[in-house]
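Trainee: File query_39.cif follows (mmCIF, C-alpha atoms):
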data_data
#
loop_
_atom_site.label_atom_id
_atom_site.label_comp_id
_atom_site.auth_asym_id
_atom_site.auth_seq_id
_atom_site.Cartn_x
_atom_site.Cartn_y
_atom_site.Cartn_z
CA MET A 29 142.00 112.69 146.37
CA ARG A 30 143.63 110.92 143.48
CA PHE A 31 140.42 109.44 142.13
CA ASP A 32 138.44 112.60 142.61
CA ALA A 33 140.00 113.67 139.34
CA MET A 34 137.35 111.63 137.56
CA SER A 35 134.53 113.82 138.78
CA PRO A 36 131.76 115.28 136.61
CA GLU A 37 133.59 118.60 136.67
CA ILE A 38 136.65 116.97 135.10
CA ALA A 39 134.46 115.40 132.44
CA ALA A 40 132.96 118.80 131.66
CA ALA A 41 136.45 120.28 131.34
CA VAL A 42 137.57 117.85 128.66
CA THR A 43 134.41 116.99 126.76
CA ASN A 44 134.23 117.76 123.06
CA ASP A 45 130.51 118.34 123.36
CA HIS A 46 131.33 121.78 124.69
CA LEU A 47 133.51 124.67 123.57
CA HIS A 48 134.18 127.76 125.67
CA LEU A 49 135.69 130.83 124.04
CA ILE A 50 136.52 133.98 125.95
CA VAL A 51 136.88 136.65 123.29
CA ASN A 52 138.58 140.02 123.61
CA PRO A 53 136.99 142.26 120.93
CA THR A 54 139.55 144.86 122.03
CA GLU A 55 142.01 145.17 124.87
CA ARG A 56 141.52 148.91 125.11
CA CYS A 57 139.36 150.20 127.95
CA ASN A 58 137.43 153.33 128.77
CA LEU A 59 138.32 152.99 132.46
CA ARG A 60 141.60 153.06 134.33
CA CYS A 61 140.79 151.19 137.54
CA VAL A 62 143.54 151.78 140.06
CA TYR A 63 144.29 148.09 140.56
CA CYS A 64 144.05 147.02 136.91
CA TYR A 65 146.72 144.67 135.60
CA GLU A 66 146.14 145.11 131.88
CA SER A 67 148.32 147.14 129.50
CA PHE A 68 145.58 148.16 126.99
CA ALA A 69 148.14 147.67 124.21
CA LEU A 70 145.99 145.77 121.72
CA GLY A 71 143.25 147.52 119.81
CA LYS A 72 140.17 146.30 118.01
CA MET A 73 140.03 142.74 116.75
CA PRO A 74 140.71 142.67 112.99
CA SER A 75 138.37 140.95 110.55
CA ALA A 76 140.81 138.06 110.03
CA VAL A 77 140.47 137.05 113.69
CA VAL A 78 136.69 137.50 113.58
CA SER A 79 136.65 135.18 110.55
CA GLY A 80 138.81 132.70 112.43
CA ILE A 81 136.29 132.57 115.27
CA PHE A 82 133.41 132.05 112.83
CA ASN A 83 135.27 129.31 110.98
CA LEU A 84 136.24 127.51 114.18
CA ALA A 85 132.69 127.66 115.52
CA LYS A 86 131.25 126.51 112.19
CA ARG A 87 133.65 123.57 112.00
CA ARG A 88 132.79 122.44 115.52
CA ALA A 89 129.07 122.97 115.04
CA GLU A 90 129.19 120.75 111.96
CA LYS A 91 130.92 118.08 114.07
CA GLY A 92 128.09 117.90 116.58
CA LEU A 93 129.02 120.45 119.21
CA LYS A 94 126.22 120.64 121.77
CA THR A 95 126.96 123.78 123.76
CA PHE A 96 129.02 126.82 122.90
CA ARG A 97 129.86 129.30 125.61
CA LEU A 98 130.90 132.72 124.36
CA GLU A 99 132.15 135.31 126.81
CA PHE A 100 133.17 138.77 125.78
CA PHE A 101 136.05 140.14 127.82
CA GLY A 102 138.73 142.70 127.19
CA GLY A 103 139.68 145.49 127.76
CA GLU A 104 136.15 146.70 127.82
CA PRO A 105 134.29 144.76 125.11
CA LEU A 106 131.71 147.48 124.50
CA VAL A 107 134.48 149.85 123.38
CA ALA A 108 134.50 147.67 120.23
CA TRP A 109 130.72 147.39 119.92
CA ASP A 110 130.81 146.71 116.20
CA VAL A 111 132.99 143.64 116.76
CA VAL A 112 130.78 142.46 119.62
CA GLU A 113 127.64 142.82 117.53
CA THR A 114 129.18 141.09 114.52
CA LEU A 115 130.43 138.17 116.59
CA ALA A 116 127.28 137.78 118.67
CA ARG A 117 125.05 137.84 115.61
CA GLY A 118 127.22 135.55 113.49
CA LEU A 119 127.87 133.00 116.20
CA SER A 120 124.24 132.83 117.27
CA GLU A 121 123.33 132.18 113.62
CA ILE A 122 125.92 129.41 113.32
CA CYS A 123 124.69 127.82 116.54
CA GLY A 124 121.06 128.21 115.54
CA ASP A 125 121.66 126.62 112.14
CA HIS A 126 123.28 123.55 113.71
CA GLY A 127 121.20 123.04 116.84
CA VAL A 128 123.99 124.12 119.15
CA GLN A 129 122.97 125.79 122.39
CA MET A 130 124.80 129.11 122.66
CA LEU A 131 125.41 130.60 126.07
CA GLY A 132 126.60 134.15 125.53
CA GLY A 133 127.88 136.49 128.17
CA MET A 134 130.00 139.52 128.82
CA THR A 135 132.25 140.90 131.51
CA THR A 136 131.69 144.63 131.23
CA ASN A 137 132.21 147.69 133.35
CA GLY A 138 128.71 148.68 132.23
CA VAL A 139 129.48 152.27 131.29
CA LEU A 140 128.63 151.77 127.60
CA LEU A 141 125.74 149.37 128.07
CA THR A 142 122.54 150.85 126.68
CA ARG A 143 119.06 149.38 126.36
CA ALA A 144 119.43 149.20 122.58
CA ARG A 145 122.68 147.26 122.88
CA LEU A 146 121.19 144.99 125.51
CA ASP A 147 118.22 144.26 123.25
CA ARG A 148 120.59 143.42 120.40
CA LEU A 149 122.74 141.16 122.56
CA ALA A 150 119.75 139.39 124.08
CA ALA A 151 118.45 138.67 120.58
CA CYS A 152 121.81 136.99 119.87
CA GLN A 153 121.74 134.61 122.86
CA THR A 154 124.01 136.87 124.90
CA ARG A 155 122.21 137.40 128.16
CA SER A 156 124.74 136.85 130.92
CA PHE A 157 126.56 139.86 132.32
CA GLN A 158 129.16 140.45 134.99
CA VAL A 159 129.35 144.02 136.27
CA THR A 160 131.64 145.24 139.04
CA LEU A 161 130.96 147.69 141.84
CA ASP A 162 133.71 148.72 144.23
CA GLY A 163 131.38 149.95 146.94
CA PRO A 164 129.29 153.06 147.47
CA GLN A 165 129.80 155.95 145.07
CA ALA A 166 132.50 157.67 147.10
CA VAL A 167 134.61 154.51 147.11
CA HIS A 168 133.80 153.33 143.59
CA ASP A 169 134.53 156.71 142.04
CA ARG A 170 138.01 156.78 143.53
CA ARG A 171 138.89 153.38 142.13
CA ARG A 172 137.02 152.75 138.93
CA VAL A 173 137.79 155.94 137.08
CA THR A 174 137.62 157.00 133.46
CA ARG A 175 140.68 157.85 131.43
CA ARG A 176 139.97 161.45 132.44
CA ASP A 177 139.99 160.43 136.09
CA GLN A 178 136.26 160.81 136.56
CA GLY A 179 134.09 158.43 138.54
CA SER A 180 132.01 155.78 136.82
CA PHE A 181 129.51 154.89 139.54
CA ALA A 182 126.50 156.69 138.09
CA ALA A 183 126.92 155.06 134.69
CA VAL A 184 127.41 151.60 136.17
CA TRP A 185 124.36 151.94 138.41
CA LYS A 186 122.34 153.04 135.40
CA ALA A 187 123.53 149.97 133.46
CA LEU A 188 122.40 147.73 136.31
CA GLN A 189 119.02 149.46 136.25
CA THR A 190 118.84 148.87 132.50
CA LEU A 191 119.47 145.18 133.10
CA LYS A 192 116.97 145.12 135.94
CA THR A 193 114.13 146.66 133.94
CA ALA A 194 114.74 144.87 130.64
CA PRO A 195 112.25 142.16 129.71
CA HIS A 196 114.97 139.67 128.79
CA ALA A 197 115.89 136.56 130.73
CA VAL A 198 119.21 138.03 131.76
CA GLU A 199 121.63 136.61 134.30
CA VAL A 200 123.57 139.32 136.09
CA LEU A 201 126.49 138.72 138.40
CA ILE A 202 127.28 141.81 140.44
CA ARG A 203 130.89 141.49 141.46
CA MET A 204 131.48 143.57 144.57
CA HIS A 205 135.09 144.40 145.32
CA PHE A 206 136.18 145.09 148.85
CA ASP A 207 139.34 145.32 150.91
CA PRO A 208 140.13 145.77 154.60
CA THR A 209 139.65 149.53 154.34
CA THR A 210 136.27 149.43 152.59
CA LEU A 211 134.65 146.44 154.27
CA GLY A 212 132.95 148.69 156.79
CA ASN A 213 131.20 150.61 154.01
CA LEU A 214 129.55 147.43 152.84
CA LEU A 215 128.31 146.03 156.14
CA GLY A 216 125.51 147.16 158.43
CA GLU A 217 121.95 148.42 158.08
CA ALA A 218 123.10 151.45 156.11
CA GLY A 219 125.81 149.56 154.27
CA PHE A 220 126.22 149.17 150.54
CA VAL A 221 125.35 145.48 150.42
CA ARG A 222 121.86 146.27 151.65
CA ALA A 223 121.52 149.04 149.07
CA VAL A 224 122.52 146.71 146.22
CA ALA A 225 120.29 143.94 147.49
CA ALA A 226 117.31 146.28 147.74
CA ALA A 227 117.88 147.77 144.30
CA PHE A 228 118.64 144.61 142.35
CA ALA A 229 118.99 141.24 144.00
CA LYS A 230 116.22 140.92 146.57
CA ASP A 231 113.47 138.65 145.21
CA ASP A 232 115.08 138.62 141.78
CA PRO A 233 117.02 135.40 141.07
CA ARG A 234 118.30 136.85 137.78
CA PHE A 235 120.75 138.81 139.90
CA ARG A 236 123.53 137.12 141.83
CA LEU A 237 126.24 138.53 144.04
CA HIS A 238 129.93 137.73 144.20
CA PHE A 239 132.13 139.32 146.84
CA HIS A 240 135.73 139.58 145.73
CA ALA A 241 138.61 140.90 147.81
CA LEU A 242 141.03 143.14 145.96
CA GLY A 243 144.37 141.55 145.16
CA ARG A 244 147.71 142.61 143.82
CA TRP A 245 147.07 141.36 140.32
CA GLY A 246 150.16 142.72 138.62
CA GLY A 247 149.17 146.33 137.96
CA ALA A 248 151.51 149.30 138.17
CA ARG A 249 149.91 150.48 141.42
CA ASP A 250 149.89 147.12 143.17
CA GLY A 251 151.78 148.52 146.16
CA GLU A 252 148.89 150.87 146.91
CA THR A 253 146.25 148.14 146.89
CA PRO A 254 145.15 147.16 150.39
CA VAL A 255 144.88 143.38 150.79
CA PHE A 256 143.92 141.04 153.58
CA ALA A 257 146.71 139.50 155.63
CA SER A 258 145.56 135.96 155.04
CA ALA A 259 143.11 133.82 153.10
CA ALA A 260 141.34 133.11 156.38
CA ASP A 261 140.76 136.83 157.00
CA GLU A 262 139.43 137.18 153.47
CA ARG A 263 137.09 134.22 153.95
CA THR A 264 135.79 135.64 157.21
CA ALA A 265 135.00 138.93 155.48
CA ILE A 266 133.23 137.17 152.59
CA ASP A 267 131.13 135.18 155.05
CA ALA A 268 130.12 138.41 156.79
CA LEU A 269 129.17 139.98 153.46
CA ILE A 270 127.08 136.99 152.47
CA ASP A 271 125.34 137.05 155.85
CA GLU A 272 124.59 140.73 155.26
CA ALA A 273 123.05 140.01 151.87
CA LEU A 274 121.01 137.14 153.27
CA ALA A 275 119.73 139.42 156.01
CA ALA A 276 118.78 141.87 153.27
CA GLY A 277 116.53 139.30 151.63
CA CYS A 278 118.79 137.54 149.15
CA SER A 279 118.61 133.76 148.90
CA PRO A 280 121.55 131.32 149.28
CA ALA A 281 121.18 130.41 145.60
CA GLN A 282 122.30 133.91 144.71
CA PHE A 283 125.88 133.21 145.79
CA ASP A 284 128.56 130.97 144.35
CA ARG A 285 130.30 128.43 146.51
CA ARG A 286 133.95 128.98 145.66
CA HIS A 287 137.46 127.68 146.06
CA GLY A 288 139.69 130.64 145.43
CA ASP A 289 138.46 132.35 142.28
CA ALA A 290 136.52 129.47 140.74
CA ALA A 291 132.97 128.35 141.51
CA LEU A 292 132.55 124.92 143.06
CA GLY A 293 130.86 122.29 140.91
CA GLU A 294 128.33 119.68 141.89
CA SER A 295 130.85 117.28 143.41
CA GLY A 296 132.87 119.98 145.11
CA LEU A 297 135.63 120.66 142.59
CA ALA A 298 136.22 124.21 141.40
CA ILE A 299 137.75 124.42 137.93
CA CYS A 300 138.82 127.73 136.46
CA TYR A 301 138.29 128.15 132.73
CA ALA A 302 142.08 128.36 132.39
CA ALA A 303 142.41 124.81 133.69
CA ARG A 304 139.92 123.40 131.19
CA ALA A 305 141.09 121.66 128.05
CA ASN A 306 138.10 122.94 126.07
CA ALA A 307 138.34 126.63 127.01
CA PHE A 308 140.45 129.28 125.33
CA VAL A 309 140.92 133.02 125.41
CA ILE A 310 141.02 134.56 121.94
CA ARG A 311 142.93 137.81 122.26
CA SER A 312 142.15 140.66 119.92
CA ASP A 313 145.25 139.97 117.81
CA GLY A 314 144.40 136.28 117.42
CA ARG A 315 146.76 134.91 120.03
CA VAL A 316 145.29 132.11 122.11
CA ALA A 317 145.71 132.36 125.87
CA LYS A 318 144.39 130.50 128.90
CA CYS A 319 144.16 133.08 131.68
CA THR A 320 142.61 136.54 131.60
CA VAL A 321 144.71 137.82 134.51
CA ALA A 322 148.14 137.12 133.01
CA PHE A 323 148.16 138.59 129.51
CA GLU A 324 151.64 139.99 130.05
CA ASP A 325 153.15 136.58 130.84
CA ASP A 326 154.45 134.87 127.72
CA ARG A 327 153.67 131.41 129.15
CA ASN A 328 150.00 132.37 128.93
CA THR A 329 150.21 132.39 125.13
CA VAL A 330 149.54 128.81 124.05
CA GLY A 331 148.85 129.28 120.36
CA ARG A 332 147.08 131.33 117.73
CA LEU A 333 143.83 131.29 115.83
CA ALA A 334 144.23 131.30 112.05
CA GLU A 335 141.76 133.02 109.72
CA ASN A 336 140.59 129.63 108.40
CA GLY A 337 139.60 128.62 111.93
CA ASP A 338 142.62 126.49 112.74
CA LEU A 339 143.40 126.61 116.43
CA VAL A 340 147.15 126.17 116.31
CA ILE A 341 148.08 125.08 119.83
CA ASP A 342 151.59 124.60 121.13
CA GLN A 343 150.89 121.46 123.17
CA ALA A 344 153.95 121.87 125.38
CA ARG A 345 152.80 125.32 126.39
CA HIS A 346 149.23 124.20 126.89
CA LEU A 347 149.85 121.14 129.05
CA PRO A 348 151.04 122.92 132.22
CA TRP A 349 147.66 124.66 132.36
CA LEU A 350 145.95 121.27 132.40
CA GLU A 351 147.96 119.74 135.20
CA GLY A 352 145.05 120.09 137.60
CA LEU A 353 142.96 117.83 135.38
CA ILE A 354 145.60 115.18 135.78
CA SER A 355 146.64 115.55 139.39
CA GLY A 356 143.29 116.57 140.85
CA ASP A 357 145.13 119.24 142.85
CA PRO A 358 142.36 121.67 143.86
CA ASN A 359 144.74 124.62 143.74
CA ALA A 360 145.89 123.83 140.22
CA LEU A 361 142.26 123.39 139.17
CA SER A 362 140.86 126.52 140.76
CA CYS A 363 143.75 128.76 139.67
CA PRO A 364 146.36 127.22 137.40
CA ALA A 365 148.04 130.61 137.03
CA ARG A 366 148.74 130.67 140.73
CA ALA A 367 150.06 127.12 140.66
CA TYR A 368 151.96 127.31 137.38
CA LEU A 369 152.98 130.93 136.81
CA TRP A 370 153.24 132.28 140.31
CA ARG A 371 154.03 129.09 142.21
CA LYS A 372 151.94 130.22 145.13
CA SER A 373 149.32 128.29 147.05
CA ASP A 374 147.85 130.94 149.31
CA PRO A 375 144.65 132.16 147.61
CA SER A 376 145.09 135.59 149.17
CA ILE A 377 148.31 136.13 147.21
CA LYS A 378 147.56 137.03 143.63
CA GLY A 379 149.59 138.32 140.81
CA ALA A 380 153.33 138.59 140.51
CA MET B 20 135.93 106.28 147.17
CA ASN B 21 134.23 103.40 145.40
CA LYS B 22 136.83 102.10 142.99
CA ASN B 23 134.34 100.52 140.61
CA LYS B 24 132.47 103.76 140.38
CA VAL B 25 135.67 105.51 139.45
CA TRP B 26 136.43 103.14 136.63
CA LEU B 27 132.91 103.26 135.29
CA SER B 28 133.02 107.02 135.33
CA ALA B 29 136.27 106.99 133.44
CA ALA B 30 134.96 104.60 130.84
CA ALA B 31 131.78 106.56 130.39
CA LEU B 32 133.75 109.73 130.10
CA ALA B 33 136.01 108.30 127.45
CA ALA B 34 133.21 106.76 125.46
CA SER B 35 131.22 109.93 125.35
CA THR B 36 133.75 112.63 125.06
CA ILE B 37 137.42 112.05 124.43
CA PRO B 38 138.89 110.21 121.47
CA ALA B 39 142.34 108.72 121.73
CA MET B 40 145.00 109.26 119.14
CA ALA B 41 144.91 106.23 116.89
CA SER B 42 148.48 105.02 116.69
CA GLY B 43 151.12 103.82 119.11
CA PRO B 44 153.22 100.71 119.42
CA LYS B 45 152.23 99.98 123.00
CA ALA B 46 148.85 101.62 123.09
CA ALA B 47 146.03 99.99 125.00
CA SER B 48 143.07 98.60 123.12
CA PRO B 49 140.78 101.27 121.65
CA ALA B 50 138.06 100.52 124.16
CA GLU B 51 140.19 101.07 127.22
CA ARG B 52 142.79 103.48 125.94
CA PRO B 53 141.29 106.85 126.85
CA ALA B 54 139.98 105.77 130.24
CA SER B 55 143.19 104.04 131.15
CA ALA B 56 145.23 107.02 130.13
CA LEU B 57 143.16 109.43 132.12
CA VAL B 58 143.04 107.22 135.18
CA ALA B 59 146.75 106.65 135.04
CA ARG B 60 147.31 110.37 134.89
CA ALA B 61 144.80 110.94 137.64
CA THR B 62 146.77 108.58 139.84
CA GLY B 63 149.98 110.45 139.26
CA LEU B 64 151.53 108.43 136.44
CA ALA B 65 152.43 110.56 133.46
CA ALA B 66 151.26 108.01 130.96
CA ALA B 67 149.51 110.22 128.46
CA ASP B 68 148.90 113.79 127.48
CA LEU B 69 145.78 115.72 126.71
CA ILE B 70 146.25 117.40 123.38
CA VAL B 71 144.14 119.84 121.40
CA GLY B 72 143.54 119.47 117.70
CA ARG B 73 143.25 122.24 115.13
CA ASP B 74 139.51 122.22 115.54
CA GLY B 75 139.84 122.67 119.29
CA THR B 76 138.83 119.12 120.14
CA VAL B 77 140.55 117.41 123.03
CA ALA B 78 142.20 114.03 122.61
CA VAL B 79 144.31 111.74 124.74
CA ASP B 80 147.71 111.12 123.22
CA VAL B 81 149.07 107.72 124.21
CA ARG B 82 151.57 107.40 121.41
CA ALA B 83 154.96 106.15 122.54
CA LYS B 84 154.01 106.49 126.14
CA GLY B 85 154.49 102.84 127.05
CA THR B 86 152.28 100.54 129.04
CA LEU B 87 149.92 102.21 131.43
CA VAL B 88 150.39 101.03 134.98
CA CYS B 89 147.68 100.57 137.57
CA GLN B 90 148.13 102.59 140.71
CA ASN B 91 144.95 101.88 142.58
CA THR B 92 144.86 102.05 146.32
CA ASN B 93 147.07 98.99 146.76
CA ASN B 94 149.57 100.22 144.14
CA CYS B 95 149.72 96.78 142.55
CA GLY B 96 151.59 98.05 139.55
CA ALA B 97 149.82 95.71 137.11
CA PRO B 98 148.94 96.89 133.61
CA ALA B 99 145.86 99.05 133.85
CA THR B 100 142.51 97.70 132.75
CA ASN B 101 139.01 98.98 133.05
CA ASN B 102 138.34 96.40 135.74
CA GLY B 103 140.65 97.87 138.31
CA CYS B 104 143.00 95.55 140.23
#
Step by step, read the file and then write its structure as structure tokens.
Mentor:
Amino acid sequence: MRFDAMSPEIAAAVTNDHLHLIVNPTERCNLRCVYCYESFALGKMPSAVVSGIFNLAKRRAEKGLKTFRLEFFGGEPLVAWDVVETLARGLSEICGDHGVQMLGGMTTNGVLLTRARLDRLAACQTRSFQVTLDGPQAVHDRRRVTRRDQGSFAAVWKALQTLKTAPHAVEVLIRMHFDPTTLGNLLGEAGFVRAVAAAFAKDDPRFRLHFHALGRWGGARDGETPVFASAADERTAIDALIDEALAAGCSPAQFDRRHGDAALGESGLAICYAARANAFVIRSDGRVAKCTVAFEDDRNTVGRLAENGDLVIDQARHLPWLEGLISGDPNALSCPARAYLWRKSDPSIKGA
Amino acid sequence: MNKNKVWLSAAALAASTIPAMASGPKAASPAERPASALVARATGLAAADLIVGRDGTVAVDVRAKGTLVCQNTNNCGAPATNNGC
């Protein structure tokens, strides 16, 4: 195992040819999902932080950066559409001017995604989207609710249809949440997996599926979240869901091979963005973090982004996140938060 | 695991991607420094740190870390080189 640390995945996690920024245009959200772990305390990203991102990207592009991965996160990024549009346009221009390949994406609940916004994003090299469904409407609308406690299923389904019918070369990851109490709704001839496959994924490689068991991720209502008793039970359920999707006409290429929460690479290592030396979360107030599931933990703040583009990193805070790169420990690579913050090794146990 | 392949991978990685910090009283030669540091760390010896510069670039810091020690499969303990044991 020791020498496996020199795999291509490790190289990709430290190379200076690549920069990966996960950007929170706001940490406010239009939904209040029952299992959410975020506090929604930070509002829209100010112009000084936007300038810092531009200046950092420009500096790296001038130094020969080859690929720049931009992922909008939050909060719900589309709540701050003006920031998203400004950043997507400006960064795609910087990359275009310097021959840098930009890979733009967004994790969104989909409620505010319109065709006009999709067209704008696609024109700015932002074509990768992750959208979550919690199951059929009756289940989804109990869990992914608006601030006024109304269901969001219809709007999310409409967003997926917008993505499906758009002429752009989009990549859509439909993240399907499940737990022991909802698994039955997803399986079977009349189950939700078949409905999603028929509507979006079957014969359309632009759409991929990811089945994700609910966890206790640190939210106020963690005690009410049903979770599987063990990682093995969770794995068995995921295998059944994948089999269901395959039976519905999806292809094996439409699923990630995973270790815990991170996708497996070509030589079998799964490295979370938080374990990579060249990946950073830029929070809406300019703080630099590593993990998007632990914003409330002070150890997740490893520095700040200055308006001039300086990434001021506290190396002592940053290094524990990189331990997996050094040790090759698959758990520290696939989820450094679990290894470093929570000191847990069972992938079924998440959050505090 | 093919040991030679490991070392070649490390050298290629260092040459193409990661610069080492320039100074250090006991630093390895420039050609072998990044690979040696990474391999030493990969084998469990805390010989160097990955650090991030103000432009977000990653570097291997070997300053004041001392001689890097080989810990290949036979744990010979010799100074690390790009040739393995």
Trainee: Return the neighbours of chain B among the residues of chain A, cut-off 7 Å, counting all atoms listed in the file, as a list in words.
Mentor: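 Listed by rising number, the hits are Arg30, Phe31, Ala33, Met34, Ala39, Val42, Thr43, Asn44, Asp45, Leu84, Arg87, Arg88, Ala305, Asn306, Asp338, Leu339, Val340, Ile341, Gln343, Ile354, Ser355 and Gly356 of chain A.
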Trainee: Any idea what the distance is between atom CA of A:Lys318 and atom CA of A:Trp349?
Mentor: 7.5 Å
Trainee: For A:Ala76, which of A:Gly277, A:Pro348, A:Gly314, A:Gly92 is the closest residue, counting all atoms listed in the file?
Mentor: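 Nearest candidate to A:Ala76 out of A:Gly277, A:Pro348, A:Gly314, A:Gly92: A:Gly314.
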Trainee: Suppose a student applies the PyMOL selection byres ((chain A and resi 309) around 6) to this structure; what residues should they get, written as an MDAnalysis selection string?
Mentor: chainID A and resid 49:51 308 310 316:318
Trainee: So how far away is atom CA of A:Cys300 from atom CA of A:Lys72, in Å?
Mentor: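 Distance between the two atoms: 26.2 Å.
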Trainee: Which residues fall under the PyMOL selection byres ((chain A and resi 302) around 12) in this file, as number ranges by chain?
Mentor: A: 41, 48-50, 289-290, 298-301, 303-309, 316-322, 328-330, 346-353, 360-368
Trainee: Would you mind exporting C-alpha atoms of the selected residues as a PDB file, in the coordinates of the input?
Mentor:
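Final output, out_33.pdb:
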ATOM      1  CA  ALA A  41     136.450 120.280 131.340  1.00  0.00           C
ATOM      2  CA  HIS A  48     134.180 127.760 125.670  1.00  0.00           C
ATOM      3  CA  LEU A  49     135.690 130.830 124.040  1.00  0.00           C
ATOM      4  CA  ILE A  50     136.520 133.980 125.950  1.00  0.00           C
ATOM      5  CA  ASP A 289     138.460 132.350 142.280  1.00  0.00           C
ATOM      6  CA  ALA A 290     136.520 129.470 140.740  1.00  0.00           C
ATOM      7  CA  ALA A 298     136.220 124.210 141.400  1.00  0.00           C
ATOM      8  CA  ILE A 299     137.750 124.420 137.930  1.00  0.00           C
ATOM      9  CA  CYS A 300     138.820 127.730 136.460  1.00  0.00           C
ATOM     10  CA  TYR A 301     138.290 128.150 132.730  1.00  0.00           C
ATOM     11  CA  ALA A 303     142.410 124.810 133.690  1.00  0.00           C
ATOM     12  CA  ARG A 304     139.920 123.400 131.190  1.00  0.00           C
ATOM     13  CA  ALA A 305     141.090 121.660 128.050  1.00  0.00           C
ATOM     14  CA  ASN A 306     138.100 122.940 126.070  1.00  0.00           C
ATOM     15  CA  ALA A 307     138.340 126.630 127.010  1.00  0.00           C
ATOM     16  CA  PHE A 308     140.450 129.280 125.330  1.00  0.00           C
ATOM     17  CA  VAL A 309     140.920 133.020 125.410  1.00  0.00           C
ATOM     18  CA  VAL A 316     145.290 132.110 122.110  1.00  0.00           C
ATOM     19  CA  ALA A 317     145.710 132.360 125.870  1.00  0.00           C
ATOM     20  CA  LYS A 318     144.390 130.500 128.900  1.00  0.00           C
ATOM     21  CA  CYS A 319     144.160 133.080 131.680  1.00  0.00           C
ATOM     22  CA  THR A 320     142.610 136.540 131.600  1.00  0.00           C
ATOM     23  CA  VAL A 321     144.710 137.820 134.510  1.00  0.00           C
ATOM     24  CA  ALA A 322     148.140 137.120 133.010  1.00  0.00           C
ATOM     25  CA  ASN A 328     150.000 132.370 128.930  1.00  0.00           C
ATOM     26  CA  THR A 329     150.210 132.390 125.130  1.00  0.00           C
ATOM     27  CA  VAL A 330     149.540 128.810 124.050  1.00  0.00           C
ATOM     28  CA  HIS A 346     149.230 124.200 126.890  1.00  0.00           C
ATOM     29  CA  LEU A 347     149.850 121.140 129.050  1.00  0.00           C
ATOM     30  CA  PRO A 348     151.040 122.920 132.220  1.00  0.00           C
ATOM     31  CA  TRP A 349     147.660 124.660 132.360  1.00  0.00           C
ATOM     32  CA  LEU A 350     145.950 121.270 132.400  1.00  0.00           C
ATOM     33  CA  GLU A 351     147.960 119.740 135.200  1.00  0.00           C
ATOM     34  CA  GLY A 352     145.050 120.090 137.600  1.00  0.00           C
ATOM     35  CA  LEU A 353     142.960 117.830 135.380  1.00  0.00           C
ATOM     36  CA  ALA A 360     145.890 123.830 140.220  1.00  0.00           C
ATOM     37  CA  LEU A 361     142.260 123.390 139.170  1.00  0.00           C
ATOM     38  CA  SER A 362     140.860 126.520 140.760  1.00  0.00           C
ATOM     39  CA  CYS A 363     143.750 128.760 139.670  1.00  0.00           C
ATOM     40  CA  PRO A 364     146.360 127.220 137.400  1.00  0.00           C
ATOM     41  CA  ALA A 365     148.040 130.610 137.030  1.00  0.00           C
ATOM     42  CA  ARG A 366     148.740 130.670 140.730  1.00  0.00           C
ATOM     43  CA  ALA A 367     150.060 127.120 140.660  1.00  0.00           C
ATOM     44  CA  TYR A 368     151.960 127.310 137.380  1.00  0.00           C
TER      45      TYR A 368
END
Trainee: What does the distance between atom CA of A:Arg175 and atom CA of A:Ser67 come to in Å, to one decimal place?
Mentor: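 Pair atom CA of A:Arg175 / atom CA of A:Ser67 returns 13.3 Å.
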Trainee: When the PyMOL selection byres ((chain A and resi 115-117) around 12) is applied to the file above, which residues end up in the set, as a short mmCIF file (atom, residue, chain, number, x, y, z; two decimals) with C-alpha atoms, keeping the file's coordinate frame?
Mentor:
data_model
loop_
_atom_site.label_atom_id
_atom_site.label_comp_id
_atom_site.auth_asym_id
_atom_site.auth_seq_id
_atom_site.Cartn_x
_atom_site.Cartn_y
_atom_site.Cartn_z
CA LEU A 49 135.69 130.83 124.04
CA ILE A 50 136.52 133.98 125.95
CA VAL A 51 136.88 136.65 123.29
CA ASN A 52 138.58 140.02 123.61
CA PRO A 53 136.99 142.26 120.93
CA MET A 73 140.03 142.74 116.75
CA PRO A 74 140.71 142.67 112.99
CA SER A 75 138.37 140.95 110.55
CA VAL A 77 140.47 137.05 113.69
CA VAL A 78 136.69 137.50 113.58
CA SER A 79 136.65 135.18 110.55
CA GLY A 80 138.81 132.70 112.43
CA ILE A 81 136.29 132.57 115.27
CA PHE A 82 133.41 132.05 112.83
CA ASN A 83 135.27 129.31 110.98
CA ALA A 85 132.69 127.66 115.52
CA PHE A 96 129.02 126.82 122.90
CA ARG A 97 129.86 129.30 125.61
CA LEU A 98 130.90 132.72 124.36
CA GLU A 99 132.15 135.31 126.81
CA PHE A 100 133.17 138.77 125.78
CA PRO A 105 134.29 144.76 125.11
CA ALA A 108 134.50 147.67 120.23
CA TRP A 109 130.72 147.39 119.92
CA ASP A 110 130.81 146.71 116.20
CA VAL A 111 132.99 143.64 116.76
CA VAL A 112 130.78 142.46 119.62
CA GLU A 113 127.64 142.82 117.53
CA THR A 114 129.18 141.09 114.52
CA GLY A 118 127.22 135.55 113.49
CA LEU A 119 127.87 133.00 116.20
CA SER A 120 124.24 132.83 117.27
CA GLU A 121 123.33 132.18 113.62
CA ILE A 122 125.92 129.41 113.32
CA CYS A 123 124.69 127.82 116.54
CA GLY A 124 121.06 128.21 115.54
CA MET A 130 124.80 129.11 122.66
CA LEU A 131 125.41 130.60 126.07
CA GLY A 132 126.60 134.15 125.53
CA GLY A 133 127.88 136.49 128.17
CA MET A 134 130.00 139.52 128.82
CA ARG A 145 122.68 147.26 122.88
CA LEU A 146 121.19 144.99 125.51
CA ARG A 148 120.59 143.42 120.40
CA LEU A 149 122.74 141.16 122.56
CA ALA A 150 119.75 139.39 124.08
CA ALA A 151 118.45 138.67 120.58
CA CYS A 152 121.81 136.99 119.87
CA GLN A 153 121.74 134.61 122.86
CA THR A 154 124.01 136.87 124.90
CA ARG A 155 122.21 137.40 128.16
#
